[in-house]
file coords-v5.cif (mmCIF, C-alpha atoms)
data_entry
loop_
_atom_site.label_atom_id
_atom_site.label_comp_id
_atom_site.auth_asym_id
_atom_site.auth_seq_id
_atom_site.Cartn_x
_atom_site.Cartn_y
_atom_site.Cartn_z
CA MET W 26 22.12 -46.91 15.43
CA SER W 27 25.77 -46.30 14.56
CA ALA W 28 27.73 -43.24 15.55
CA THR W 29 28.11 -42.23 11.89
CA THR W 30 24.32 -42.16 11.36
CA MET W 31 23.80 -40.11 14.53
CA THR W 32 26.32 -37.48 13.42
CA GLN W 33 24.86 -37.25 9.92
CA ALA W 34 21.22 -36.89 11.01
CA PRO W 35 21.47 -33.33 12.49
CA ALA W 36 23.45 -32.20 9.43
CA LEU W 37 20.44 -32.44 7.09
CA PRO W 38 18.23 -29.90 8.93
CA ARG W 39 21.26 -27.64 9.33
CA LEU W 40 21.94 -27.80 5.60
CA GLY W 41 18.29 -26.97 4.87
CA THR W 42 18.48 -23.93 7.16
CA ILE W 43 21.65 -22.73 5.43
CA LEU W 44 20.03 -23.09 1.99
CA GLU W 45 16.90 -21.22 3.10
CA THR W 46 18.96 -18.41 4.60
CA THR W 47 21.09 -18.13 1.48
CA ALA W 48 18.02 -18.05 -0.77
CA ALA W 49 16.41 -15.38 1.43
CA TRP W 50 19.52 -13.20 1.22
CA LEU W 51 19.68 -13.63 -2.56
CA LEU W 52 16.04 -12.61 -2.93
CA ALA W 53 16.60 -9.62 -0.64
CA LEU W 54 19.61 -8.59 -2.75
CA VAL W 55 17.60 -8.84 -5.98
CA TRP W 56 14.81 -6.76 -4.40
CA VAL W 57 17.06 -4.05 -3.01
CA ALA W 58 19.43 -3.76 -6.00
CA PRO W 59 17.26 -1.25 -7.96
CA LEU W 60 16.85 0.86 -4.83
CA LEU W 61 20.59 0.86 -4.20
CA TYR W 62 21.24 1.93 -7.79
CA ALA W 63 18.67 4.74 -7.51
CA VAL W 64 20.38 5.99 -4.34
CA TRP W 65 23.81 5.85 -6.01
CA ALA W 66 22.67 7.69 -9.13
CA ALA W 67 20.74 10.31 -7.16
CA ILE W 68 23.62 11.38 -4.91
CA HIS W 69 26.32 11.45 -7.60
CA PRO W 70 26.83 13.67 -10.67
CA THR W 71 25.32 12.51 -13.95
CA GLY W 72 28.63 11.18 -15.27
CA TYR W 73 28.83 8.67 -12.42
CA ALA W 74 25.33 7.20 -12.89
CA THR W 75 26.87 4.16 -14.59
CA ARG W 76 30.41 4.47 -13.23
CA PHE W 77 30.70 2.89 -9.81
CA GLU W 78 33.79 4.50 -8.33
CA LEU W 79 34.26 4.29 -4.59
CA PHE W 80 35.48 7.88 -4.19
CA ALA W 81 33.08 9.51 -6.67
CA PRO W 82 32.00 13.02 -5.61
CA LEU W 83 28.69 13.36 -3.79
CA THR W 84 26.00 15.91 -4.61
CA LEU W 85 22.41 16.78 -3.75
CA SER W 86 21.91 18.98 -6.80
CA ASN W 87 19.97 16.19 -8.57
CA PHE W 88 17.14 16.52 -6.06
CA ALA W 89 16.98 20.29 -6.53
CA ALA W 90 17.05 19.90 -10.33
CA ALA W 91 14.26 17.31 -10.24
CA TRP W 92 12.10 19.47 -7.95
CA GLU W 93 12.48 22.48 -10.24
CA ALA W 94 12.00 20.56 -13.50
CA ALA W 95 8.43 19.46 -12.74
CA PRO W 96 5.59 20.63 -10.43
CA PHE W 97 6.28 17.95 -7.82
CA ALA W 98 4.80 20.11 -5.06
CA ARG W 99 1.44 19.95 -6.85
CA TYR W 100 1.84 16.22 -7.48
CA PHE W 101 2.53 15.63 -3.78
CA LEU W 102 -0.49 17.69 -2.78
CA ASN W 103 -2.74 15.77 -5.18
CA THR W 104 -1.44 12.43 -3.95
CA PHE W 105 -1.85 13.31 -0.26
CA ALA W 106 -5.40 14.49 -0.92
CA LEU W 107 -6.15 11.31 -2.86
CA VAL W 108 -4.82 8.78 -0.35
CA THR W 109 -6.37 10.64 2.59
CA MET W 110 -9.78 10.82 0.93
CA VAL W 111 -9.74 7.15 -0.05
CA LEU W 112 -8.44 5.98 3.33
CA VAL W 113 -11.07 7.88 5.34
CA ALA W 114 -13.87 6.59 3.10
CA GLN W 115 -12.56 3.02 3.30
CA PHE W 116 -12.28 3.16 7.09
CA VAL W 117 -15.89 4.30 7.43
CA LEU W 118 -17.45 1.96 4.86
CA CYS W 119 -15.32 -1.08 5.70
CA THR W 120 -15.88 -0.67 9.44
CA LEU W 121 -19.66 -0.56 9.10
CA ALA W 122 -19.78 -3.46 6.65
CA ALA W 123 -17.33 -5.60 8.64
CA PHE W 124 -19.23 -5.03 11.87
CA ALA W 125 -22.48 -6.05 10.20
CA PHE W 126 -20.96 -9.23 8.77
CA ALA W 127 -19.19 -10.10 12.03
CA ARG W 128 -21.90 -9.48 14.62
CA ALA W 129 -25.25 -8.72 13.00
CA ALA W 130 -27.45 -11.78 12.39
CA PHE W 131 -29.56 -11.36 9.27
CA TRP W 132 -30.79 -13.60 6.51
CA GLY W 133 -28.40 -14.00 3.58
CA SER W 134 -25.35 -12.56 5.34
CA GLY W 135 -23.19 -15.43 4.14
CA ILE W 136 -24.29 -14.95 0.53
CA LEU W 137 -23.71 -11.21 0.68
CA PHE W 138 -20.27 -11.70 2.21
CA GLY W 139 -19.44 -14.18 -0.54
CA LEU W 140 -20.44 -11.59 -3.13
CA VAL W 141 -18.18 -9.07 -1.44
CA LEU W 142 -15.27 -11.52 -1.63
CA VAL W 143 -15.87 -11.98 -5.35
CA GLN W 144 -14.47 -8.48 -5.72
CA LEU W 145 -11.08 -9.86 -4.67
CA MET W 146 -11.04 -12.01 -7.80
CA ILE W 147 -11.71 -9.13 -10.20
CA MET W 148 -8.71 -7.13 -11.36
CA PRO W 149 -9.42 -3.37 -11.27
CA ASP W 150 -7.93 -2.98 -14.75
CA ILE W 151 -10.82 -4.99 -16.20
CA LEU W 152 -13.23 -2.23 -15.14
CA LEU W 153 -11.30 0.69 -16.63
CA VAL W 154 -13.73 1.32 -19.49
CA GLU W 155 -16.88 1.03 -17.35
CA ASN W 156 -15.38 3.17 -14.60
CA TYR W 157 -14.45 5.84 -17.13
CA ARG W 158 -17.97 5.82 -18.57
CA THR W 159 -19.39 6.19 -15.06
CA MET W 160 -17.08 9.09 -14.19
CA ARG W 161 -17.90 10.82 -17.47
CA ALA W 162 -21.64 10.41 -16.83
CA LEU W 163 -21.14 11.97 -13.40
CA GLY W 164 -19.06 14.81 -14.83
CA LEU W 165 -16.05 13.89 -12.70
CA VAL W 166 -13.41 13.27 -15.38
CA ASP W 167 -10.06 14.90 -14.55
CA THR W 168 -10.80 15.30 -10.84
CA ILE W 169 -9.12 13.83 -7.78
CA LEU W 170 -12.48 12.44 -6.66
CA SER W 171 -12.74 10.38 -9.85
CA ILE W 172 -9.41 8.69 -9.08
CA GLY W 173 -10.46 7.47 -5.66
CA LEU W 174 -14.20 6.89 -6.04
CA PRO W 175 -14.00 3.36 -7.55
CA TYR W 176 -11.82 2.19 -4.62
CA MET W 177 -13.73 3.53 -1.64
CA ALA W 178 -15.47 0.21 -0.95
CA SER W 179 -12.73 -2.37 -0.41
CA ALA W 180 -13.51 -6.09 -0.19
CA PHE W 181 -10.10 -6.72 1.32
CA GLY W 182 -10.69 -4.14 4.03
CA ILE W 183 -14.10 -5.61 4.86
CA PHE W 184 -12.63 -9.11 5.07
CA LEU W 185 -9.68 -8.04 7.23
CA LEU W 186 -11.78 -6.07 9.71
CA ARG W 187 -14.45 -8.78 9.84
CA GLN W 188 -11.80 -11.32 10.85
CA THR W 189 -10.60 -8.95 13.57
CA PHE W 190 -14.08 -8.12 14.88
CA LYS W 191 -15.00 -11.82 15.10
CA GLN W 192 -12.10 -12.34 17.52
CA VAL W 193 -13.45 -9.75 19.97
CA PRO W 194 -15.08 -11.55 22.95
CA LYS W 195 -18.85 -11.13 23.00
CA GLU W 196 -18.66 -10.58 26.74
CA LEU W 197 -17.20 -7.13 26.08
CA GLU W 198 -20.15 -6.27 23.86
CA GLU W 199 -22.62 -7.53 26.47
CA ALA W 200 -20.89 -5.51 29.19
CA ALA W 201 -21.10 -2.39 27.03
CA ARG W 202 -24.83 -2.96 26.50
CA VAL W 203 -25.33 -3.27 30.24
CA GLU W 204 -23.60 0.10 30.62
CA GLY W 205 -26.15 1.59 28.24
CA CYS W 206 -24.19 1.71 24.95
CA GLY W 207 -26.10 1.43 21.71
CA THR W 208 -24.92 -0.39 18.63
CA LEU W 209 -22.90 2.54 17.30
CA GLY W 210 -21.40 3.18 20.74
CA ILE W 211 -20.34 -0.46 21.04
CA LEU W 212 -18.70 -0.28 17.63
CA LEU W 213 -16.79 2.92 18.41
CA ARG W 214 -15.88 2.16 22.04
CA VAL W 215 -15.24 -1.60 21.94
CA TYR W 216 -14.49 -2.91 18.45
CA VAL W 217 -12.64 -0.01 16.85
CA PRO W 218 -10.12 0.50 19.71
CA LEU W 219 -9.31 -3.22 19.80
CA ALA W 220 -8.72 -3.24 16.04
CA LYS W 221 -6.17 -0.42 15.98
CA PRO W 222 -3.28 -2.67 14.77
CA THR W 223 -5.48 -3.91 11.93
CA TYR W 224 -6.44 -0.37 10.97
CA LEU W 225 -2.77 0.56 10.94
CA ALA W 226 -1.79 -2.36 8.71
CA TYR W 227 -4.69 -1.85 6.35
CA GLY W 228 -4.00 1.88 6.25
CA LEU W 229 -0.42 1.25 5.18
CA THR W 230 -1.60 -1.20 2.52
CA SER W 231 -4.21 1.18 1.18
CA VAL W 232 -1.91 4.20 1.14
CA SER W 233 0.83 2.18 -0.55
CA TYR W 234 -1.53 0.90 -3.26
CA HIS W 235 -3.08 4.25 -4.09
CA TRP W 236 0.22 6.08 -3.80
CA ASN W 237 1.66 3.76 -6.48
CA ASN W 238 -1.47 3.29 -8.59
CA PHE W 239 -0.71 4.35 -12.14
CA LEU W 240 -3.01 3.07 -14.88
CA TRP W 241 -6.38 4.39 -13.66
CA PRO W 242 -5.03 7.87 -12.72
CA LEU W 243 -3.33 8.01 -16.13
CA VAL W 244 -6.63 7.30 -17.88
CA ILE W 245 -8.87 9.60 -15.86
CA THR W 246 -6.62 12.68 -15.44
CA ASN W 247 -5.49 15.16 -18.08
CA SER W 248 -3.97 18.12 -16.26
CA VAL W 249 -1.27 19.01 -13.74
CA GLU W 250 -3.94 20.13 -11.26
CA THR W 251 -5.18 16.52 -10.82
CA ARG W 252 -2.20 14.29 -11.64
CA PRO W 253 -0.80 12.22 -8.77
CA LEU W 254 2.89 11.48 -8.32
CA THR W 255 2.97 8.30 -10.38
CA VAL W 256 1.56 9.95 -13.50
CA GLY W 257 3.65 13.08 -12.96
CA LEU W 258 6.80 11.00 -12.59
CA SER W 259 6.09 9.08 -15.80
CA VAL W 260 5.64 12.36 -17.70
CA PHE W 261 8.82 13.73 -16.15
CA ALA W 262 10.81 10.60 -17.09
CA SER W 263 9.54 10.45 -20.68
CA THR W 264 11.93 10.76 -23.59
CA ASP W 265 10.64 14.27 -24.34
CA GLN W 266 12.24 15.42 -21.09
CA GLY W 267 15.59 13.81 -21.93
CA ILE W 268 17.10 10.81 -20.21
CA ASP W 269 19.15 11.92 -17.21
CA TRP W 270 19.26 8.92 -14.90
CA ALA W 271 20.66 10.89 -12.00
CA ILE W 272 17.75 13.35 -11.97
CA ILE W 273 15.19 10.62 -12.69
CA SER W 274 16.57 8.55 -9.80
CA ALA W 275 16.37 11.58 -7.49
CA ALA W 276 12.76 12.18 -8.50
CA THR W 277 11.95 8.50 -7.94
CA LEU W 278 13.44 8.57 -4.44
CA MET W 279 11.49 11.72 -3.59
CA THR W 280 8.21 10.09 -4.58
CA SER W 281 8.87 6.80 -2.78
CA ALA W 282 10.50 8.16 0.37
CA PRO W 283 7.25 8.71 2.35
CA LEU W 284 6.18 5.09 1.76
CA LEU W 285 9.55 3.68 2.73
CA LEU W 286 9.62 5.79 5.88
CA GLY W 287 6.09 4.74 6.85
CA PHE W 288 6.83 1.06 6.39
CA LEU W 289 10.08 1.25 8.37
CA LEU W 290 8.29 2.98 11.24
CA PHE W 291 5.32 0.59 11.41
CA GLN W 292 6.66 -2.70 10.01
CA ARG W 293 6.24 -4.59 13.31
CA GLN W 294 2.58 -3.57 13.71
CA PHE W 295 2.06 -4.28 10.01
CA VAL W 296 3.17 -7.91 10.32
CA GLN W 297 1.51 -8.55 13.69
CA SER W 298 -1.90 -7.32 12.57
CA PHE W 299 -2.04 -9.73 9.64
CA MET W 300 -1.02 -12.60 11.90
CA ARG W 301 -3.79 -11.72 14.35
CA ALA W 302 -6.30 -11.68 11.51
CA GLY W 303 -5.34 -15.25 10.59
CA ILE W 304 -3.74 -14.34 7.24
CA LYS W 305 -0.53 -16.20 6.50
#
call {"tool": "encode", "arguments": {"input": "coords-v5.cif", "output": "structure tokens"}}
result
Amino acid sequence: MSATTMTQAPALPRLGTILETTAAWLLALVWVAPLLYAVWAAIHPTGYATRFELFAPLTLSNFAAAWEAAPFARYFLNTFALVTMVLVAQFVLCTLAAFAFARAAFWGSGILFGLVLVQLMIMPDILLVENYRTMRALGLVDTILSIGLPYMASAFGIFLLRQTFKQVPKELEEAARVEGCGTLGILLRVYVPLAKPTYLAYGLTSVSYHWNNFLWPLVITNSVETRPLTVGLSVFASTDQGIDWAIISAATLMTSAPLLLGFLLFQRQFVQSFMRAGIK
């Protein structure tokens, strides 16, 4: 092999790495550009929302104006109540179902688990009409419970926890039985503590989805007392309220700040838990 061939061979992988890095940075820039614009518009006077001057004056009055222009305190309270209610229900139901599919031996478990996974292939928007009919029959229209009830049994949560529970050594379960633990005790003292990273990752995913969910809350709610942040923000940003991009950007940052903060705090556990569950 000539010296020229030997010097050219390492250059190809290096070029591929450079292209991948460049593409990753470009995608990151495209993703973060709307957020950067929202930050710029929110901390500058209205006249500078589309004028990018380096020494433009800074202000926080847009946040105060947005908070006073709409009942965001009520929207935040509704959203916190919604995501907490859904998350607690999902943790309980998904834990019990996942433990049964992972460790309990019963006839037809594979078929039942397959039926659960079918839910992953069905878009929630397809069920809007049937869900609305069900909520109306139950007398739950325009309530926070009606927003979260269709999502309390999550196929994704069952699948993720089942994958985690199946990786727990059976020797730990046998040792717990020797110590006198029953089935529920084994679940709570062995499986649940070992699955804490998975619970954290799934919790962030669930909270993020229901925090940002828009179409179903828009359909099922009619009043300020039950509207979550997404619906309240859309009403606030409608043309009837006037288009002030600085105030709208401030309101958008206020509604998304808790999610961004949560992801930044737990991003390492979020990624590691999915890798442990075998999801690429």
call {"tool": "resolve_selection", "arguments": {"input": "coords-v5.cif", "expression": "the PyMOL selection byres ((chain W and resi 124-129) around 12)", "output": "ChimeraX atom specification"}}
result
/W:116-123,130-139,141,182-195,198,208-209,211-213,215-217,220
call {"tool": "residues_around", "arguments": {"input": "coords-v5.cif", "residues": "W:Thr104", "least_positions_apart": "3", "cutoff": "9 Å", "atoms": "all atoms listed in the file", "output": "list in words"}}
result
Arg99, Tyr100, Phe101, Leu107, Val108, Thr109, Ile169, His235, Trp236, Thr251, Arg252, Pro253, Leu254 and Thr255 of chain W
call {"tool": "residues_around", "arguments": {"input": "coords-v5.cif", "residues": "stretch 272-285 of chain W", "least_positions_apart": "3", "cutoff": "9 Å", "atoms": "all atoms listed in the file", "output": "PyMOL selection string"}}
result
chain W and resi 60+62-68+71+85-92+97+101+229+232-233+236-237+254-255+258+261-262+268-269+288-290
call {"tool": "write_last_selection", "arguments": {"input": "coords-v5.cif", "atoms": "C-alpha atoms", "output": "mmCIF file, in the coordinates of the input"}}
result
data_model
loop_
_atom_site.group_PDB
_atom_site.id
_atom_site.type_symbol
_atom_site.label_atom_id
_atom_site.label_comp_id
_atom_site.auth_asym_id
_atom_site.auth_seq_id
_atom_site.Cartn_x
_atom_site.Cartn_y
_atom_site.Cartn_z
ATOM 1 C CA LEU W 60 16.850 0.860 -4.830
ATOM 2 C CA TYR W 62 21.240 1.930 -7.790
ATOM 3 C CA ALA W 63 18.670 4.740 -7.510
ATOM 4 C CA VAL W 64 20.380 5.990 -4.340
ATOM 5 C CA TRP W 65 23.810 5.850 -6.010
ATOM 6 C CA ALA W 66 22.670 7.690 -9.130
ATOM 7 C CA ALA W 67 20.740 10.310 -7.160
ATOM 8 C CA ILE W 68 23.620 11.380 -4.910
ATOM 9 C CA THR W 71 25.320 12.510 -13.950
ATOM 10 C CA LEU W 85 22.410 16.780 -3.750
ATOM 11 C CA SER W 86 21.910 18.980 -6.800
ATOM 12 C CA ASN W 87 19.970 16.190 -8.570
ATOM 13 C CA PHE W 88 17.140 16.520 -6.060
ATOM 14 C CA ALA W 89 16.980 20.290 -6.530
ATOM 15 C CA ALA W 90 17.050 19.900 -10.330
ATOM 16 C CA ALA W 91 14.260 17.310 -10.240
ATOM 17 C CA TRP W 92 12.100 19.470 -7.950
ATOM 18 C CA PHE W 97 6.280 17.950 -7.820
ATOM 19 C CA PHE W 101 2.530 15.630 -3.780
ATOM 20 C CA LEU W 229 -0.420 1.250 5.180
ATOM 21 C CA VAL W 232 -1.910 4.200 1.140
ATOM 22 C CA SER W 233 0.830 2.180 -0.550
ATOM 23 C CA TRP W 236 0.220 6.080 -3.800
ATOM 24 C CA ASN W 237 1.660 3.760 -6.480
ATOM 25 C CA LEU W 254 2.890 11.480 -8.320
ATOM 26 C CA THR W 255 2.970 8.300 -10.380
ATOM 27 C CA LEU W 258 6.800 11.000 -12.590
ATOM 28 C CA PHE W 261 8.820 13.730 -16.150
ATOM 29 C CA ALA W 262 10.810 10.600 -17.090
ATOM 30 C CA ILE W 268 17.100 10.810 -20.210
ATOM 31 C CA ASP W 269 19.150 11.920 -17.210
ATOM 32 C CA PHE W 288 6.830 1.060 6.390
ATOM 33 C CA LEU W 289 10.080 1.250 8.370
ATOM 34 C CA LEU W 290 8.290 2.980 11.240
#
call {"tool": "atom_distance", "arguments": {"input": "coords-v5.cif", "atom1": "atom CA of W:Ala114", "atom2": "atom CA of W:Met177"}}
result
5.6 Å
call {"tool": "atom_distance", "arguments": {"input": "coords-v5.cif", "atom1": "atom CA of W:Leu240", "atom2": "atom CA of W:Asp150"}}
result
7.8 Å
call {"tool": "atom_distance", "arguments": {"input": "coords-v5.cif", "atom1": "atom CA of W:Thr230", "atom2": "atom CA of W:Phe181"}}
result
10.2 Å
call {"tool": "residues_around", "arguments": {"input": "coords-v5.cif", "residues": "W:Met148", "least_positions_apart": "4", "cutoff": "12 Å", "atoms": "only C-alpha atoms", "output": "list in words"}}
result
Val143, Gln144, Leu152, Leu153, Tyr176 and Trp241 of chain W
call {"tool": "write_last_selection", "arguments": {"input": "coords-v5.cif", "atoms": "C-alpha atoms", "output": "PDB file, keeping the file's coordinate frame"}}
result
ATOM      1  CA  VAL W 143     -15.870 -11.980  -5.350  1.00  0.00           C
ATOM      2  CA  GLN W 144     -14.470  -8.480  -5.720  1.00  0.00           C
ATOM      3  CA  LEU W 152     -13.230  -2.230 -15.140  1.00  0.00           C
ATOM      4  CA  LEU W 153     -11.300   0.690 -16.630  1.00  0.00           C
ATOM      5  CA  TYR W 176     -11.820   2.190  -4.620  1.00  0.00           C
ATOM      6  CA  TRP W 241      -6.380   4.390 -13.660  1.00  0.00           C
TER       7      TRP W 241
END
call {"tool": "decode", "arguments": {"input": "coords-v5.cif", "residues": "stretch 199-211 of chain W", "atoms": "N, CA and C atoms", "output": "PDB file, in the first residue's frame"}}
result
ATOM      1  N   GLU W 199     -36.915 -13.678  44.893  1.00  0.00           N
ATOM      2  CA  GLU W 199     -36.909 -14.882  45.724  1.00  0.00           C
ATOM      3  C   GLU W 199     -36.407 -14.588  47.135  1.00  0.00           C
ATOM      4  N   ALA W 200     -35.389 -13.725  47.235  1.00  0.00           N
ATOM      5  CA  ALA W 200     -34.885 -13.359  48.562  1.00  0.00           C
ATOM      6  C   ALA W 200     -35.935 -12.612  49.358  1.00  0.00           C
ATOM      7  N   ALA W 201     -36.695 -11.751  48.673  1.00  0.00           N
ATOM      8  CA  ALA W 201     -37.754 -11.013  49.369  1.00  0.00           C
ATOM      9  C   ALA W 201     -38.849 -11.955  49.845  1.00  0.00           C
ATOM     10  N   ARG W 202     -39.156 -12.983  49.065  1.00  0.00           N
ATOM     11  CA  ARG W 202     -40.175 -13.950  49.490  1.00  0.00           C
ATOM     12  C   ARG W 202     -39.697 -14.734  50.696  1.00  0.00           C
ATOM     13  N   VAL W 203     -38.415 -15.060  50.732  1.00  0.00           N
ATOM     14  CA  VAL W 203     -37.867 -15.770  51.889  1.00  0.00           C
ATOM     15  C   VAL W 203     -37.995 -14.918  53.145  1.00  0.00           C
ATOM     16  N   GLU W 204     -37.843 -13.591  52.970  1.00  0.00           N
ATOM     17  CA  GLU W 204     -37.963 -12.683  54.112  1.00  0.00           C
ATOM     18  C   GLU W 204     -39.412 -12.460  54.530  1.00  0.00           C
ATOM     19  N   GLY W 205     -40.354 -13.030  53.796  1.00  0.00           N
ATOM     20  CA  GLY W 205     -41.751 -12.943  54.178  1.00  0.00           C
ATOM     21  C   GLY W 205     -42.564 -11.892  53.440  1.00  0.00           C
ATOM     22  N   CYS W 206     -42.031 -11.304  52.370  1.00  0.00           N
ATOM     23  CA  CYS W 206     -42.773 -10.291  51.609  1.00  0.00           C
ATOM     24  C   CYS W 206     -43.816 -10.961  50.727  1.00  0.00           C
ATOM     25  N   GLY W 207     -44.984 -10.359  50.646  1.00  0.00           N
ATOM     26  CA  GLY W 207     -45.988 -10.798  49.701  1.00  0.00           C
ATOM     27  C   GLY W 207     -45.758 -10.174  48.335  1.00  0.00           C
ATOM     28  N   THR W 208     -46.693 -10.415  47.442  1.00  0.00           N
ATOM     29  CA  THR W 208     -46.538  -9.908  46.080  1.00  0.00           C
ATOM     30  C   THR W 208     -46.487  -8.389  46.051  1.00  0.00           C
ATOM     31  N   LEU W 209     -47.395  -7.730  46.761  1.00  0.00           N
ATOM     32  CA  LEU W 209     -47.406  -6.272  46.788  1.00  0.00           C
ATOM     33  C   LEU W 209     -46.150  -5.719  47.462  1.00  0.00           C
ATOM     34  N   GLY W 210     -45.687  -6.382  48.505  1.00  0.00           N
ATOM     35  CA  GLY W 210     -44.465  -5.943  49.176  1.00  0.00           C
ATOM     36  C   GLY W 210     -43.253  -6.063  48.278  1.00  0.00           C
ATOM     37  N   ILE W 211     -43.193  -7.149  47.504  1.00  0.00           N
ATOM     38  CA  ILE W 211     -42.083  -7.321  46.559  1.00  0.00           C
ATOM     39  C   ILE W 211     -42.097  -6.207  45.514  1.00  0.00           C
TER      40      ILE W 211
END
